[in-house]
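Participant: Sending over input_38.pdb (PDB, C-alpha atoms and all ligand atoms).
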ATOM      1  CA  MET A  72       6.417  -6.101  14.557  1.00  0.00           C
ATOM      2  CA  ALA A  73       2.731  -5.674  15.079  1.00  0.00           C
ATOM      3  CA  ILE A  74       0.079  -3.048  15.307  1.00  0.00           C
ATOM      4  CA  ARG A  75      -1.380  -2.712  18.786  1.00  0.00           C
ATOM      5  CA  GLU A  76      -4.798  -1.417  19.729  1.00  0.00           C
ATOM      6  CA  VAL A  77      -4.844   2.221  20.828  1.00  0.00           C
ATOM      7  CA  VAL A  78      -6.897   2.511  24.000  1.00  0.00           C
ATOM      8  CA  LYS A  79      -9.398   5.348  24.268  1.00  0.00           C
ATOM      9  CA  LEU A  80     -11.025   7.305  27.067  1.00  0.00           C
ATOM     10  CA  PRO A  81     -12.396   6.262  29.583  1.00  0.00           C
ATOM     11  CA  GLU A  82      -9.750   3.482  29.799  1.00  0.00           C
ATOM     12  CA  PRO A  83      -8.290   3.919  33.335  1.00  0.00           C
ATOM     13  CA  ILE A  84      -4.628   3.367  32.240  1.00  0.00           C
ATOM     14  CA  LEU A  85      -4.796   6.743  30.459  1.00  0.00           C
ATOM     15  CA  ARG A  86      -5.252   8.423  33.847  1.00  0.00           C
ATOM     16  CA  LYS A  87      -2.400   6.677  35.687  1.00  0.00           C
ATOM     17  CA  GLN A  88       1.226   7.619  36.330  1.00  0.00           C
ATOM     18  CA  ALA A  89       3.225   5.265  34.127  1.00  0.00           C
ATOM     19  CA  HIS A  90       6.115   3.283  35.624  1.00  0.00           C
ATOM     20  CA  LYS A  91       9.771   4.113  35.118  1.00  0.00           C
ATOM     21  CA  VAL A  92      11.516   2.134  32.367  1.00  0.00           C
ATOM     22  CA  THR A  93      14.339  -0.052  33.682  1.00  0.00           C
ATOM     23  CA  ASP A  94      14.374  -2.816  31.054  1.00  0.00           C
ATOM     24  CA  PHE A  95      15.847  -2.303  27.592  1.00  0.00           C
ATOM     25  CA  GLY A  96      15.857  -5.952  26.528  1.00  0.00           C
ATOM     26  CA  LYS A  97      13.825  -7.949  24.055  1.00  0.00           C
ATOM     27  CA  ASP A  98      10.381  -7.061  25.416  1.00  0.00           C
ATOM     28  CA  ALA A  99      11.208  -3.345  25.360  1.00  0.00           C
ATOM     29  CA  GLN A 100      12.502  -3.558  21.771  1.00  0.00           C
ATOM     30  CA  LYS A 101       9.329  -5.350  20.693  1.00  0.00           C
ATOM     31  CA  LEU A 102       7.182  -2.754  22.418  1.00  0.00           C
ATOM     32  CA  ILE A 103       9.037   0.091  20.665  1.00  0.00           C
ATOM     33  CA  ASN A 104       8.826  -1.600  17.246  1.00  0.00           C
ATOM     34  CA  ASP A 105       5.112  -2.169  17.796  1.00  0.00           C
ATOM     35  CA  MET A 106       4.588   1.444  18.917  1.00  0.00           C
ATOM     36  CA  ILE A 107       6.300   2.700  15.722  1.00  0.00           C
ATOM     37  CA  ASP A 108       4.155   0.328  13.616  1.00  0.00           C
ATOM     38  CA  THR A 109       1.028   1.456  15.434  1.00  0.00           C
ATOM     39  CA  LEU A 110       1.922   5.122  14.929  1.00  0.00           C
ATOM     40  CA  HIS A 111       2.397   4.503  11.192  1.00  0.00           C
ATOM     41  CA  ASP A 112      -1.023   2.872  11.063  1.00  0.00           C
ATOM     42  CA  GLU A 113      -2.723   5.854  12.721  1.00  0.00           C
ATOM     43  CA  PRO A 114      -3.050   9.506  11.727  1.00  0.00           C
ATOM     44  CA  GLY A 115      -0.729  10.536  14.539  1.00  0.00           C
ATOM     45  CA  VAL A 116       2.720  11.984  15.150  1.00  0.00           C
ATOM     46  CA  GLY A 117       3.282  10.697  18.663  1.00  0.00           C
ATOM     47  CA  LEU A 118       2.391   7.812  20.920  1.00  0.00           C
ATOM     48  CA  ALA A 119       2.963   7.055  24.600  1.00  0.00           C
ATOM     49  CA  ALA A 120       3.108   3.469  25.916  1.00  0.00           C
ATOM     50  CA  PRO A 121      -0.028   3.834  28.103  1.00  0.00           C
ATOM     51  CA  GLN A 122      -1.951   4.421  24.849  1.00  0.00           C
ATOM     52  CA  VAL A 123      -1.165   0.831  23.848  1.00  0.00           C
ATOM     53  CA  ASN A 124      -2.112  -0.355  27.332  1.00  0.00           C
ATOM     54  CA  VAL A 125       1.438  -0.576  28.732  1.00  0.00           C
ATOM     55  CA  SER A 126       2.088   1.439  31.889  1.00  0.00           C
ATOM     56  CA  LEU A 127       5.700   2.381  31.132  1.00  0.00           C
ATOM     57  CA  ARG A 128       7.404   5.740  30.527  1.00  0.00           C
ATOM     58  CA  TRP A 129       8.152   5.262  26.810  1.00  0.00           C
ATOM     59  CA  ILE A 130       7.227   7.746  24.100  1.00  0.00           C
ATOM     60  CA  VAL A 131       7.645   7.633  20.335  1.00  0.00           C
ATOM     61  CA  VAL A 132       7.470  10.798  18.229  1.00  0.00           C
ATOM     62  CA  GLU A 133       7.764  11.063  14.463  1.00  0.00           C
ATOM     63  CA  TYR A 134       8.233  14.587  13.218  1.00  0.00           C
ATOM     64  CA  PRO A 135      10.940  16.686  11.496  1.00  0.00           C
ATOM     65  CA  LEU A 136      13.546  18.149  13.853  1.00  0.00           C
ATOM     66  CA  ASP A 137      13.181  21.441  11.999  1.00  0.00           C
ATOM     67  CA  ASP A 138       9.870  21.827  10.191  1.00  0.00           C
ATOM     68  CA  SER A 139      10.737  25.310   8.906  1.00  0.00           C
ATOM     69  CA  LYS A 140      12.849  23.660   6.202  1.00  0.00           C
ATOM     70  CA  GLU A 141      11.043  22.687   3.049  1.00  0.00           C
ATOM     71  CA  ASN A 142      10.724  18.909   2.574  1.00  0.00           C
ATOM     72  CA  ALA A 143      12.047  18.333   6.079  1.00  0.00           C
ATOM     73  CA  LYS A 144      12.071  14.600   6.689  1.00  0.00           C
ATOM     74  CA  PRO A 145      10.311  13.248   9.758  1.00  0.00           C
ATOM     75  CA  LYS A 146      12.627  11.789  12.353  1.00  0.00           C
ATOM     76  CA  ILE A 147      11.671   9.072  14.806  1.00  0.00           C
ATOM     77  CA  PHE A 148      12.430   9.937  18.421  1.00  0.00           C
ATOM     78  CA  VAL A 149      12.206   7.148  20.985  1.00  0.00           C
ATOM     79  CA  VAL A 150      12.587   8.278  24.598  1.00  0.00           C
ATOM     80  CA  ALA A 151      12.397   6.374  27.869  1.00  0.00           C
ATOM     81  CA  ASN A 152      11.764   8.257  31.118  1.00  0.00           C
ATOM     82  CA  PRO A 153      11.574  11.652  29.380  1.00  0.00           C
ATOM     83  CA  GLU A 154      11.884  14.779  31.502  1.00  0.00           C
ATOM     84  CA  ILE A 155      11.533  18.378  30.456  1.00  0.00           C
ATOM     85  CA  THR A 156      14.753  19.908  31.786  1.00  0.00           C
ATOM     86  CA  GLN A 157      14.494  23.331  30.154  1.00  0.00           C
ATOM     87  CA  ILE A 158      11.400  25.264  29.225  1.00  0.00           C
ATOM     88  CA  SER A 159      11.064  28.611  27.474  1.00  0.00           C
ATOM     89  CA  PRO A 160       8.922  31.305  29.061  1.00  0.00           C
ATOM     90  CA  GLU A 161       7.426  31.949  25.605  1.00  0.00           C
ATOM     91  CA  THR A 162       4.270  29.988  24.947  1.00  0.00           C
ATOM     92  CA  VAL A 163       2.196  29.361  21.871  1.00  0.00           C
ATOM     93  CA  LYS A 164      -1.393  28.244  21.341  1.00  0.00           C
ATOM     94  CA  GLY A 165      -2.189  25.417  18.949  1.00  0.00           C
ATOM     95  CA  ILE A 166      -4.892  22.912  18.105  1.00  0.00           C
ATOM     96  CA  GLU A 167      -4.265  19.377  19.322  1.00  0.00           C
ATOM     97  CA  GLY A 168      -5.969  16.061  18.967  1.00  0.00           C
ATOM     98  CA  CYS A 169      -5.191  12.680  20.487  1.00  0.00           C
ATOM     99  CA  LEU A 170      -5.537   9.112  19.224  1.00  0.00           C
ATOM    100  CA  SER A 171      -6.983   8.202  22.631  1.00  0.00           C
ATOM    101  CA  VAL A 172      -9.597  10.975  22.541  1.00  0.00           C
ATOM    102  CA  PRO A 173     -11.327  10.480  19.167  1.00  0.00           C
ATOM    103  CA  ASN A 174     -13.331  13.174  17.437  1.00  0.00           C
ATOM    104  CA  LEU A 175     -12.278  16.030  19.659  1.00  0.00           C
ATOM    105  CA  PHE A 176      -9.719  18.783  19.253  1.00  0.00           C
ATOM    106  CA  GLY A 177      -8.640  21.506  21.619  1.00  0.00           C
ATOM    107  CA  GLU A 178      -6.668  24.704  21.754  1.00  0.00           C
ATOM    108  CA  VAL A 179      -3.791  24.223  24.164  1.00  0.00           C
ATOM    109  CA  GLU A 180      -1.129  26.673  25.284  1.00  0.00           C
ATOM    110  CA  ARG A 181       2.329  25.067  25.387  1.00  0.00           C
ATOM    111  CA  ALA A 182       5.911  26.219  25.846  1.00  0.00           C
ATOM    112  CA  LEU A 183       7.463  27.242  22.532  1.00  0.00           C
ATOM    113  CA  GLU A 184      10.812  25.577  23.224  1.00  0.00           C
ATOM    114  CA  ILE A 185      11.873  22.782  25.513  1.00  0.00           C
ATOM    115  CA  THR A 186      14.787  20.474  26.191  1.00  0.00           C
ATOM    116  CA  VAL A 187      13.878  16.859  26.806  1.00  0.00           C
ATOM    117  CA  THR A 188      16.331  14.527  28.485  1.00  0.00           C
ATOM    118  CA  GLY A 189      15.875  10.805  28.815  1.00  0.00           C
ATOM    119  CA  LEU A 190      17.216   7.500  27.589  1.00  0.00           C
ATOM    120  CA  ASN A 191      17.226   6.074  24.091  1.00  0.00           C
ATOM    121  CA  ARG A 192      16.025   2.584  23.202  1.00  0.00           C
ATOM    122  CA  GLN A 193      19.407   1.138  24.207  1.00  0.00           C
ATOM    123  CA  GLY A 194      19.251   2.837  27.600  1.00  0.00           C
ATOM    124  CA  LYS A 195      21.815   5.548  26.760  1.00  0.00           C
ATOM    125  CA  LYS A 196      21.319   9.147  27.835  1.00  0.00           C
ATOM    126  CA  GLN A 197      19.997  11.557  25.229  1.00  0.00           C
ATOM    127  CA  LYS A 198      19.023  15.208  25.105  1.00  0.00           C
ATOM    128  CA  ILE A 199      16.658  16.682  22.507  1.00  0.00           C
ATOM    129  CA  HIS A 200      16.058  20.364  21.878  1.00  0.00           C
ATOM    130  CA  ALA A 201      12.598  20.894  20.428  1.00  0.00           C
ATOM    131  CA  LYS A 202      10.871  23.984  19.142  1.00  0.00           C
ATOM    132  CA  GLY A 203       7.398  24.760  17.855  1.00  0.00           C
ATOM    133  CA  TRP A 204       5.240  21.816  16.855  1.00  0.00           C
ATOM    134  CA  LEU A 205       7.889  19.250  17.872  1.00  0.00           C
ATOM    135  CA  ALA A 206       8.032  20.822  21.342  1.00  0.00           C
ATOM    136  CA  ARG A 207       4.223  20.617  21.487  1.00  0.00           C
ATOM    137  CA  ILE A 208       4.237  16.909  20.583  1.00  0.00           C
ATOM    138  CA  PHE A 209       6.796  16.125  23.300  1.00  0.00           C
ATOM    139  CA  GLN A 210       4.800  18.047  25.914  1.00  0.00           C
ATOM    140  CA  HIS A 211       1.620  16.210  24.884  1.00  0.00           C
ATOM    141  CA  GLU A 212       3.297  12.765  25.020  1.00  0.00           C
ATOM    142  CA  ILE A 213       5.039  13.416  28.346  1.00  0.00           C
ATOM    143  CA  ASP A 214       1.653  14.479  29.756  1.00  0.00           C
ATOM    144  CA  HIS A 215       0.342  11.007  28.815  1.00  0.00           C
ATOM    145  CA  LEU A 216       2.934   9.422  31.130  1.00  0.00           C
ATOM    146  CA  ASN A 217       1.447  11.414  34.010  1.00  0.00           C
ATOM    147  CA  GLY A 218      -2.166  10.613  33.210  1.00  0.00           C
ATOM    148  CA  VAL A 219      -2.807  14.075  31.756  1.00  0.00           C
ATOM    149  CA  LEU A 220      -4.739  14.519  28.502  1.00  0.00           C
ATOM    150  CA  PHE A 221      -5.010  17.574  26.270  1.00  0.00           C
ATOM    151  CA  VAL A 222      -8.653  17.994  27.238  1.00  0.00           C
ATOM    152  CA  ASP A 223      -7.462  18.867  30.769  1.00  0.00           C
ATOM    153  CA  ARG A 224      -5.403  21.748  29.431  1.00  0.00           C
ATOM    154  CA  ALA A 225      -7.566  22.921  26.532  1.00  0.00           C
ATOM    155  CA  GLU A 226      -9.089  26.367  26.768  1.00  0.00           C
ATOM    156  CA  LYS A 227     -11.492  25.609  23.925  1.00  0.00           C
ATOM    157  CA  LEU A 228     -12.685  22.298  22.510  1.00  0.00           C
ATOM    158  CA  TYR A 229     -13.660  21.727  18.903  1.00  0.00           C
ATOM    159  CA  GLN A 230     -15.481  19.071  16.897  1.00  0.00           C
ATOM    160  CA  PRO A 231     -13.549  17.689  13.890  1.00  0.00           C
ATOM    161  CA  GLU A 232     -15.613  19.687  11.372  1.00  0.00           C
ATOM    162  CA  GLU A 233     -14.552  22.931  13.084  1.00  0.00           C
ATOM    163  CA  VAL A 234     -10.870  22.176  12.627  1.00  0.00           C
ATOM    164  CA  GLU A 235      -9.144  22.750   9.299  1.00  0.00           C
ATOM    165  CA  GLU A 236      -6.417  20.199   9.638  1.00  0.00           C
ATOM    166  CA  GLY A 237      -5.588  18.165  12.675  1.00  0.00           C
ATOM    167  CA  SER A 238      -2.792  15.834  13.501  1.00  0.00           C
ATOM    168  CA  SER A 239      -3.435  13.685  16.506  1.00  0.00           C
ATOM    169  CA  VAL A 240      -0.555  13.459  18.913  1.00  0.00           C
TER     170      VAL A 240
HETATM  171 NI    NI B 301      -2.307  11.822  22.819  1.00  0.00          NI
END
Can you turn what I pasted into structure tokens?

Facilitator:
Amino acid sequence: MAIREVVKLPEPILRKQAHKVTDFGKDAQKLINDMIDTLHDEPGVGLAAPQVNVSLRWIVVEYPLDDSKENAKPKIFVVANPEITQISPETVKGIEGCLSVPNLFGEVERALEITVTGLNRQGKKQKIHAKGWLARIFQHEIDHLNGVLFVDRAEKLYQPEEVEEGSSV
């Protein structure tokens, strides 16, 4: 396991469509372990492979499945080739940051609830129902795989001192 460097804007890989994951062997397992290590080393709750300079459709998210419960434990979600297959018409605004866009936050409107389908780290199908902040993190990470950053969607941008508490996703 190792911590990898998180690439920052204007690194071109952040603006590219990432490639579909087809390999779930040793290299993929190492990449996932490194992404989890890297996420633990950073003040973030999600990471997409292009952020560690790998153009593949892998995302890692660490957040409680239900954050309305007190002392809810964070869960690690690893998804290859994630797709949003259901999306609620209800939206919610929230303040996002990104490890690849340092010192900037933005208010972004996202769907309140989504269903994400994709493959797990062994290549098996999985389906995740996410609500609230977890749904926001998934939408942010899936955007990364399509070269989209929160700054493209933000209605307002903020400097760190204007934001009370920010988790970078
Ligand atoms: Ni990000």

Participant: Would you list the residues that come within 8 Å of ligand NI 301 (chain B)? Count only C-alpha atoms and all ligand atoms and give the answer as a list of chain:residue names.

Facilitator: A:Gly117, A:Leu118, A:Ala119, A:Gln122, A:Gly168, A:Cys169, A:Leu170, A:Ser171, A:Val172, A:His211, A:Glu212, A:His215, A:Leu220, A:Phe221, A:Ser239, A:Val240

Participant: Now that the selection is made, can you save its residues with C-alpha atoms as a CSV table (one decimal), keeping the file's coordinate frame?

Facilitator:
chain,number,residue,atom,x,y,z
A,117,GLY,CA,3.3,10.7,18.7
A,118,LEU,CA,2.4,7.8,20.9
A,119,ALA,CA,3.0,7.1,24.6
A,122,GLN,CA,-2.0,4.4,24.8
A,168,GLY,CA,-6.0,16.1,19.0
A,169,CYS,CA,-5.2,12.7,20.5
A,170,LEU,CA,-5.5,9.1,19.2
A,171,SER,CA,-7.0,8.2,22.6
A,172,VAL,CA,-9.6,11.0,22.5
A,211,HIS,CA,1.6,16.2,24.9
A,212,GLU,CA,3.3,12.8,25.0
A,215,HIS,CA,0.3,11.0,28.8
A,220,LEU,CA,-4.7,14.5,28.5
A,221,PHE,CA,-5.0,17.6,26.3
A,239,SER,CA,-3.4,13.7,16.5
A,240,VAL,CA,-0.6,13.5,18.9

Participant: For range 193-207 of chain A, work out the shell of residues within 7 Å, counting all atoms listed in the file and skipping chain neighbours fewer than 2 positions away, then give it as a PyMOL selection string.

Facilitator: chain A and resi 95+134+181+183-191+209-211

Participant: I'd like to see the residues matched by the PyMOL selection byres (((chain A and resi 108) around 12) and not hetatm) on this file, and ideally I'd get them as a list in words.

Facilitator: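 What the PyMOL selection byres (((chain A and resi 108) around 12) and not hetatm) grabs from the file is Met72, Ala73, Ile74, Arg75, Glu76, Val77, Lys101, Leu102, Ile103, Asn104, Asp105, Met106, Ile107, Thr109, Leu110, His111, Asp112, Glu113, Pro114, Gly115, Val116, Gly117, Leu118, Val123, Val131, Val132, Glu133 and Ile147 of chain A.
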
Participant: Work out how far apart CA of Lys227 in chain A and CA of Glu161 in chain A are and give it in Å to one decimal.

Facilitator: 20.0 Å

Participant: In Å to one decimal, how far is CA of Val222 in chain A from CA of Lys79 in chain A?

Facilitator: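 CA of Val222 in chain A lies 13.0 Å from CA of Lys79 in chain A.
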
Participant: Output as CSV one row per residue of range 86-138 of chain A within 7 Å of range 152-159 of chain A: the closest atom pair and its distance in Å to one decimal place, counting only C-alpha atoms, sorted by chain and residue number ascending.

Facilitator:
residue,atom,partner,partner_atom,distance
A:Lys91,CA,A:Asn152,CA,6.1
A:Val92,CA,A:Asn152,CA,6.3
A:Arg128,CA,A:Asn152,CA,5.1
A:Trp129,CA,A:Asn152,CA,6.4

Participant: Point out the residue among A:Val150, A:Ala143, A:Val234, A:Ala225 with the least atom-to-atom distance to Ala120 in chain A, counting only C-alpha atoms.

Facilitator: A:Val150

Participant: Near Glu180 in chain A, within 10 Å and counting all atoms listed in the file, which residues show up once chain neighbours fewer than 4 positions away are dropped, as a ChimeraX atom specification?

Facilitator: /A:162-167,207,221,224-226

Participant: Expressed in Å to a single decimal, how great is the separation between CA of Val149 in chain A and CA of Glu82 in chain A?

Facilitator: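 Answer for the CA of Val149 in chain A to CA of Glu82 in chain A separation: 23.9 Å.
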
Participant: On this file, the PyMOL selection byres (((chain A and resi 175) around 6) and not hetatm) gives some set of residues; write that set as a ChimeraX atom specification.

Facilitator: /A:173-174,176,229-230

Participant: Could you work out an axis-aligned bounding box for all listed atoms of range 170-176 of chain A, with 8 Å added on each of the six sides, and give its centre and edge lengths in Å to one decimal, as lines of an AutoDock Vina configuration file?

Facilitator:
center_x = -9.4
center_y = 13.5
center_z = 20.0
size_x = 23.8
size_y = 26.6
size_z = 21.2

Participant: Counting only C-alpha atoms, which residue out of A:Ser126, A:Val219, A:Lys140, A:Leu228 sits closest to Ile84 in chain A?

Facilitator: A:Ser126

Participant: With only C-alpha atoms as the basis for distance, which of A:Ile130, A:Glu178, A:Thr93, A:Asn124 is at the shortest distance from Leu216 in chain A?

Facilitator: A:Ile130

Participant: Counting only C-alpha atoms, which residue out of A:Ile208, A:Pro135, A:Asp214, A:Glu232 sits closest to Arg86 in chain A?

Facilitator: A:Asp214

Participant: Can you work out which one of A:Gly177, A:Asn217, A:Lys97, A:Val78 has the shortest atom-to-atom distance to Glu233 in chain A, counting only C-alpha atoms?

Facilitator: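 When distances to Glu233 in chain A are compared using only C-alpha atoms, the smallest one comes from A:Gly177.
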
Participant: Could you rebuild range 137-161 of chain A with N, CA and C atoms and give it back as a PDB file, keeping the file's coordinate frame?

Facilitator:
ATOM      1  N   ASP A 137      13.383  20.035  12.349  1.00  0.00           N
ATOM      2  CA  ASP A 137      13.181  21.441  11.999  1.00  0.00           C
ATOM      3  C   ASP A 137      12.156  21.525  10.861  1.00  0.00           C
ATOM      4  N   ASP A 138      10.916  21.844  11.218  1.00  0.00           N
ATOM      5  CA  ASP A 138       9.870  21.827  10.191  1.00  0.00           C
ATOM      6  C   ASP A 138       9.797  23.138   9.396  1.00  0.00           C
ATOM      7  N   SER A 139      10.723  24.073   9.687  1.00  0.00           N
ATOM      8  CA  SER A 139      10.737  25.310   8.906  1.00  0.00           C
ATOM      9  C   SER A 139      11.426  25.079   7.559  1.00  0.00           C
ATOM     10  N   LYS A 140      12.193  23.985   7.468  1.00  0.00           N
ATOM     11  CA  LYS A 140      12.849  23.660   6.202  1.00  0.00           C
ATOM     12  C   LYS A 140      11.861  22.960   5.286  1.00  0.00           C
ATOM     13  N   GLU A 141      11.929  23.319   4.018  1.00  0.00           N
ATOM     14  CA  GLU A 141      11.043  22.687   3.049  1.00  0.00           C
ATOM     15  C   GLU A 141      11.452  21.228   2.883  1.00  0.00           C
ATOM     16  N   ASN A 142      10.481  20.354   2.731  1.00  0.00           N
ATOM     17  CA  ASN A 142      10.724  18.909   2.574  1.00  0.00           C
ATOM     18  C   ASN A 142      11.517  18.302   3.734  1.00  0.00           C
ATOM     19  N   ALA A 143      11.356  18.884   4.906  1.00  0.00           N
ATOM     20  CA  ALA A 143      12.047  18.333   6.079  1.00  0.00           C
ATOM     21  C   ALA A 143      11.528  16.916   6.334  1.00  0.00           C
ATOM     22  N   LYS A 144      12.463  15.999   6.485  1.00  0.00           N
ATOM     23  CA  LYS A 144      12.071  14.600   6.689  1.00  0.00           C
ATOM     24  C   LYS A 144      11.701  14.350   8.149  1.00  0.00           C
ATOM     25  N   PRO A 145      10.623  13.583   8.368  1.00  0.00           N
ATOM     26  CA  PRO A 145      10.311  13.248   9.758  1.00  0.00           C
ATOM     27  C   PRO A 145      11.404  12.368  10.353  1.00  0.00           C
ATOM     28  N   LYS A 146      11.626  12.583  11.644  1.00  0.00           N
ATOM     29  CA  LYS A 146      12.627  11.789  12.353  1.00  0.00           C
ATOM     30  C   LYS A 146      11.883  11.044  13.452  1.00  0.00           C
ATOM     31  N   ILE A 147      12.316   9.830  13.727  1.00  0.00           N
ATOM     32  CA  ILE A 147      11.671   9.072  14.806  1.00  0.00           C
ATOM     33  C   ILE A 147      12.479   9.263  16.093  1.00  0.00           C
ATOM     34  N   PHE A 148      11.822   9.775  17.096  1.00  0.00           N
ATOM     35  CA  PHE A 148      12.430   9.937  18.421  1.00  0.00           C
ATOM     36  C   PHE A 148      11.818   8.882  19.343  1.00  0.00           C
ATOM     37  N   VAL A 149      12.670   8.131  20.004  1.00  0.00           N
ATOM     38  CA  VAL A 149      12.206   7.148  20.985  1.00  0.00           C
ATOM     39  C   VAL A 149      12.841   7.546  22.309  1.00  0.00           C
ATOM     40  N   VAL A 150      12.030   7.820  23.322  1.00  0.00           N
ATOM     41  CA  VAL A 150      12.587   8.278  24.598  1.00  0.00           C
ATOM     42  C   VAL A 150      11.960   7.504  25.763  1.00  0.00           C
ATOM     43  N   ALA A 151      12.832   6.996  26.618  1.00  0.00           N
ATOM     44  CA  ALA A 151      12.397   6.374  27.869  1.00  0.00           C
ATOM     45  C   ALA A 151      12.590   7.374  28.998  1.00  0.00           C
ATOM     46  N   ASN A 152      11.686   7.386  29.931  1.00  0.00           N
ATOM     47  CA  ASN A 152      11.764   8.257  31.118  1.00  0.00           C
ATOM     48  C   ASN A 152      12.043   9.716  30.749  1.00  0.00           C
ATOM     49  N   PRO A 153      11.294  10.269  29.792  1.00  0.00           N
ATOM     50  CA  PRO A 153      11.574  11.652  29.380  1.00  0.00           C
ATOM     51  C   PRO A 153      11.242  12.659  30.475  1.00  0.00           C
ATOM     52  N   GLU A 154      12.112  13.666  30.559  1.00  0.00           N
ATOM     53  CA  GLU A 154      11.884  14.779  31.502  1.00  0.00           C
ATOM     54  C   GLU A 154      12.104  16.067  30.740  1.00  0.00           C
ATOM     55  N   ILE A 155      11.293  17.061  31.033  1.00  0.00           N
ATOM     56  CA  ILE A 155      11.533  18.378  30.456  1.00  0.00           C
ATOM     57  C   ILE A 155      12.494  19.102  31.396  1.00  0.00           C
ATOM     58  N   THR A 156      13.725  19.334  30.910  1.00  0.00           N
ATOM     59  CA  THR A 156      14.753  19.908  31.786  1.00  0.00           C
ATOM     60  C   THR A 156      14.958  21.400  31.537  1.00  0.00           C
ATOM     61  N   GLN A 157      14.461  21.882  30.412  1.00  0.00           N
ATOM     62  CA  GLN A 157      14.494  23.331  30.154  1.00  0.00           C
ATOM     63  C   GLN A 157      13.200  23.688  29.459  1.00  0.00           C
ATOM     64  N   ILE A 158      12.678  24.864  29.796  1.00  0.00           N
ATOM     65  CA  ILE A 158      11.400  25.264  29.225  1.00  0.00           C
ATOM     66  C   ILE A 158      11.427  26.766  28.984  1.00  0.00           C
ATOM     67  N   SER A 159      11.027  27.186  27.798  1.00  0.00           N
ATOM     68  CA  SER A 159      11.064  28.611  27.474  1.00  0.00           C
ATOM     69  C   SER A 159       9.885  29.318  28.137  1.00  0.00           C
ATOM     70  N   PRO A 160      10.066  30.570  28.519  1.00  0.00           N
ATOM     71  CA  PRO A 160       8.922  31.305  29.061  1.00  0.00           C
ATOM     72  C   PRO A 160       7.895  31.629  27.968  1.00  0.00           C
ATOM     73  N   GLU A 161       8.358  31.650  26.703  1.00  0.00           N
ATOM     74  CA  GLU A 161       7.426  31.949  25.605  1.00  0.00           C
ATOM     75  C   GLU A 161       6.505  30.753  25.400  1.00  0.00           C
TER      76      GLU A 161
END
